[in-house]
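Novice: This is the content of query39.txt (compact mmCIF, C-alpha atoms):
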```txt
# COMPACT_ATOMS: atom_id res chain seq x y z
CA MET A 25 0.19 16.04 -3.21
CA ALA A 26 -2.14 15.72 -0.27
CA THR A 27 -5.85 14.96 -0.14
CA TYR A 28 -7.96 17.50 1.75
CA ALA A 29 -11.56 16.88 2.82
CA TYR A 30 -14.29 19.53 2.61
CA ARG A 31 -17.98 19.42 3.51
CA CYS A 32 -20.57 21.27 1.45
CA PRO A 33 -23.75 22.14 3.41
CA ASP A 34 -25.88 21.15 0.39
CA CYS A 35 -23.99 18.33 -1.39
CA GLY A 36 -22.02 16.72 1.45
CA PRO A 37 -18.34 15.76 1.67
CA PHE A 38 -15.82 15.89 -1.17
CA GLU A 39 -12.04 15.70 -1.49
CA VAL A 40 -9.49 17.93 -3.22
CA ARG A 41 -5.87 17.02 -4.07
CA LEU A 42 -3.51 19.97 -3.57
CA PRO A 43 0.19 20.47 -2.77
CA ILE A 44 0.93 20.12 0.93
CA GLY A 45 0.22 23.28 2.90
CA THR A 46 -1.76 25.08 0.18
CA ALA A 47 -5.31 24.15 1.22
CA GLU A 48 -7.60 27.04 2.13
CA ALA A 49 -10.10 26.96 5.00
CA VAL A 50 -12.97 27.33 2.50
CA ALA A 51 -13.23 25.91 -1.03
CA ASP A 52 -15.94 25.95 -3.68
CA CYS A 53 -18.01 22.78 -4.01
CA PRO A 54 -17.40 21.18 -7.43
CA ALA A 55 -21.12 20.34 -7.84
CA CYS A 56 -22.97 23.49 -6.73
CA ARG A 57 -20.14 26.07 -6.36
CA SER A 58 -21.23 27.06 -2.86
CA PRO A 59 -18.53 27.62 -0.19
CA ALA A 60 -17.56 24.48 1.75
CA ARG A 61 -15.54 24.36 4.97
CA ARG A 62 -12.47 22.20 5.37
CA VAL A 63 -12.86 19.09 7.54
CA PHE A 64 -9.83 17.86 9.47
CA THR A 65 -9.40 14.09 9.30
CA ALA A 66 -6.76 11.61 10.40
CA PRO A 67 -3.94 11.11 7.87
CA SER A 68 -4.06 7.95 5.74
CA LEU A 69 -0.82 6.36 6.81
CA ALA A 70 -1.79 2.66 6.72
CA ARG A 71 -2.15 2.08 2.99
CA LEU A 72 0.23 -0.86 2.68
CA SER A 73 -0.58 -4.16 1.07
CA PRO A 74 -0.84 -7.11 3.47
CA ALA A 75 2.32 -8.65 1.98
CA MET A 76 4.32 -5.44 2.47
CA SER A 77 2.98 -5.02 6.00
CA ALA A 78 3.99 -8.59 6.87
CA ALA A 79 7.47 -8.08 5.38
CA LEU A 80 8.00 -4.90 7.40
CA THR A 81 6.82 -6.63 10.57
CA ARG A 82 9.23 -9.54 9.97
CA ALA A 83 12.11 -7.14 9.31
CA GLU A 84 11.37 -5.18 12.48
CA LYS A 85 11.10 -8.36 14.54
CA SER A 86 14.37 -9.75 13.18
CA GLN A 87 16.32 -6.68 14.33
CA GLU A 88 15.94 -7.69 17.97
CA ALA A 89 15.60 -11.46 17.74
CA PRO A 90 16.79 -12.89 14.42
CA GLU A 91 15.69 -16.40 13.53
CA VAL A 92 18.41 -19.04 13.58
CA VAL A 93 18.75 -21.09 10.40
CA THR A 94 19.95 -24.67 10.90
CA ARG A 95 19.96 -25.78 7.24
CA ALA A 96 19.40 -24.42 3.75
CA PRO A 97 15.79 -24.22 2.57
CA GLU A 98 14.46 -26.85 0.20
CA PRO A 99 14.36 -25.87 -3.50
CA ARG A 100 10.95 -24.66 -4.61
CA TRP A 101 11.06 -25.89 -8.19
CA ARG A 102 9.15 -29.00 -9.15
CA THR A 103 10.17 -31.77 -11.48
CA PRO A 104 8.82 -31.24 -15.01
CA GLN A 105 5.72 -33.17 -16.03
CA HIS A 106 6.83 -34.01 -19.55
CA PRO A 107 9.84 -36.38 -19.88
CA ALA A 108 11.42 -34.26 -22.65
CA LEU A 109 11.54 -31.28 -20.30
CA SER A 110 13.62 -33.20 -17.75
CA ARG A 111 16.64 -33.05 -20.08
CA LEU A 112 16.67 -29.27 -20.22
CA PRO A 113 19.36 -27.48 -18.18
CA ARG A 114 18.34 -25.95 -14.87
CA PRO A 115 19.77 -22.82 -13.31
```
Would it be possible to restate this file's structure as structure tokens?
Specialist:
Amino acid sequence: MATYAYRCPDCGPFEVRLPIGTAEAVADCPACRSPARRVFTAPSLARLSPAMSAALTRAEKSQEAPEVVTRAPEPRWRTPQHPALSRLPRP
């Protein structure tokens, strides 16, 4: 499904979701039912979360110049606060 933008001369812009390649040059406005012309806009290709964008950037960067690891990373788990919890097995 793609989102197509139309502009009604009376009501202003609105969007319609249709299968790719099926949008007509003119569509009826959902508010006033008058004909509205299709508006061509840039595609929305940058809708990634910041975490996903950073991960993709790191992966792309590591293809050419991978980082060298000199030692294993420190464990991220903390010691339990309660003394009874310290006797529980850890993975």
Novice: Applying 9 Å and only C-alpha atoms, which residues near Leu42 in chain A remain after dropping the ones on its own chain fewer than 3 positions away? List them as a list of chain:residue names.
Specialist: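 That gives A:Met25, A:Ala26, A:Thr27, A:Tyr28, A:Gly45, A:Thr46, A:Ala47.
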Novice: Ala51 in chain A: which residues within 8 Å, counting all atoms listed in the file, same-chain residues fewer than 2 positions away excluded, as a PyMOL selection string?
Specialist: chain A and resi 30+48-49+53+59-62
Novice: For a test of reading the model, state the distance in Å between CA of Ala75 in chain A and CA of Pro97 in chain A, rounded to one decimal.
Specialist: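 According to the coordinates, CA of Ala75 in chain A and CA of Pro97 in chain A are separated by 20.6 Å.
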Novice: Quick one: axis-aligned box around all listed atoms of range 81-87 of chain A, 5 Å on every side, centre and edge lengths in Å to one decimal, written as lines of an AutoDock Vina configuration file.
Specialist:
```
center_x = 11.6
center_y = -7.5
center_z = 11.9
size_x = 19.5
size_y = 14.6
size_z = 15.2
```
Novice: Can you measure CA of Pro43 in chain A to CA of Thr65 in chain A for me? One decimal in Å is fine.
Specialist: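 If I compute the distance from CA of Pro43 in chain A to CA of Thr65 in chain A, I get 16.7 Å.
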Novice: Between A:Phe38, A:Ala78, A:Trp101, A:Arg31, which one has atoms that come closest to Arg114 in chain A, using all atoms listed in the file?
Specialist: A:Trp101
Novice: Rank nothing, just name the residue among A:Ala96, A:Cys32, A:Leu112, A:Ala89 nearest to Val63 in chain A, using all atoms listed in the file.
Specialist: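 Closest candidate: A:Cys32.
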Novice: In Å to one decimal, how far is CA of Ala66 in chain A from CA of Ala79 in chain A?
Specialist: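 Distance reported for this atom pair: 24.8 Å.
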